[in-house]
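Content type compact mmCIF, C-alpha atoms, from the file my_file_39.txt:
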```txt
# COMPACT_ATOMS: atom_id res chain seq x y z
CA MET Q 1 -22.57 -72.18 33.49
CA VAL Q 2 -22.39 -70.11 36.70
CA ASP Q 3 -22.29 -71.97 39.99
CA LEU Q 4 -24.88 -70.35 42.27
CA SER Q 5 -24.53 -72.85 45.10
CA SER Q 6 -22.25 -70.50 47.05
CA ALA Q 7 -24.42 -67.41 46.51
CA PRO Q 8 -26.27 -67.64 49.86
CA THR Q 9 -23.05 -67.99 51.83
CA LEU Q 10 -21.44 -65.17 49.87
CA LEU Q 11 -24.40 -62.93 50.66
CA ALA Q 12 -24.25 -63.88 54.33
CA ASP Q 13 -20.52 -63.13 54.39
CA LEU Q 14 -21.09 -59.73 52.82
CA LEU Q 15 -23.82 -58.88 55.30
CA ALA Q 16 -21.67 -59.97 58.23
CA VAL Q 17 -18.84 -57.58 57.33
CA ARG Q 18 -18.91 -54.51 59.52
CA PRO Q 19 -16.78 -51.48 58.71
CA GLU Q 20 -14.23 -50.41 61.27
CA LYS Q 21 -15.31 -47.62 63.55
CA THR Q 22 -13.23 -44.58 62.66
CA GLU Q 23 -12.56 -41.74 65.00
CA ARG Q 24 -13.36 -38.34 63.56
CA SER Q 25 -10.96 -35.48 64.05
CA PRO Q 26 -12.10 -32.34 65.89
CA LEU Q 27 -10.86 -30.43 62.83
CA LEU Q 28 -13.56 -32.12 60.77
CA TYR Q 29 -16.23 -30.83 63.14
CA ALA Q 30 -14.65 -27.37 63.00
CA TRP Q 31 -14.74 -27.52 59.19
CA TRP Q 32 -18.41 -28.57 59.22
CA THR Q 33 -19.21 -25.72 61.64
CA LEU Q 34 -17.42 -23.23 59.42
CA ASN Q 35 -19.30 -24.45 56.36
CA LEU Q 36 -22.60 -24.20 58.21
CA ALA Q 37 -21.77 -20.66 59.36
CA VAL Q 38 -20.92 -19.59 55.80
CA LEU Q 39 -24.14 -21.16 54.51
CA VAL Q 40 -26.22 -19.37 57.15
CA ALA Q 41 -24.45 -16.06 56.43
CA ALA Q 42 -25.05 -16.43 52.69
CA GLY Q 43 -28.71 -17.24 53.28
CA TYR Q 44 -29.12 -14.25 55.58
CA GLY Q 45 -27.35 -11.99 53.09
CA LEU Q 46 -29.65 -13.19 50.32
CA PHE Q 47 -32.66 -12.61 52.57
CA ARG Q 48 -31.54 -9.03 53.30
CA LEU Q 49 -30.82 -8.38 49.62
CA VAL Q 50 -34.27 -9.54 48.53
CA ARG Q 51 -35.94 -7.65 51.37
CA SER Q 52 -34.23 -4.37 50.45
CA TRP Q 53 -34.94 -4.91 46.74
CA ARG Q 54 -38.63 -5.53 47.44
CA GLY Q 55 -38.73 -2.48 49.74
CA LYS Q 56 -37.41 -0.23 46.98
CA ARG Q 57 -39.93 -1.62 44.49
CA ALA Q 58 -42.82 -1.08 46.96
CA ARG Q 59 -41.90 2.62 47.41
CA ARG Q 60 -41.66 3.13 43.68
CA GLY Q 61 -44.86 1.55 42.60
```

Would you mind writing the structure in this file as structure tokens?
Amino acid sequence: MVDLSSAPTLLADLLAVRPEKTERSPLLYAWWTLNLAVLVAAGYGLFRLVRSWRGKRARRG
């Protein structure tokens, strides 16, 4: 049979554990900025592609 008498203290111990505060590298922020810039550029390129495609279809029909 499982002994559940220590379950409340185990739960309290787990809740009391705080992770160490880690210091983030400036390179990580640079990497995130680069990824965001690429995502924005891809979105803008897709927007321009769809806009030009729709413009050609509007002239045709």

Quote the spacing between CA of Asn35 (chain Q) and CA of Ser52 (chain Q) in Å to one decimal place.
25.7 Å

Atom pair CA of Tyr44 (chain Q) + CA of Tyr29 (chain Q), distance 22.3 Å

Would you compute the distance between CA of Lys56 (chain Q) and CA of Ala42 (chain Q)? Give it in Å to one decimal.
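So the answer is 21.2 Å.
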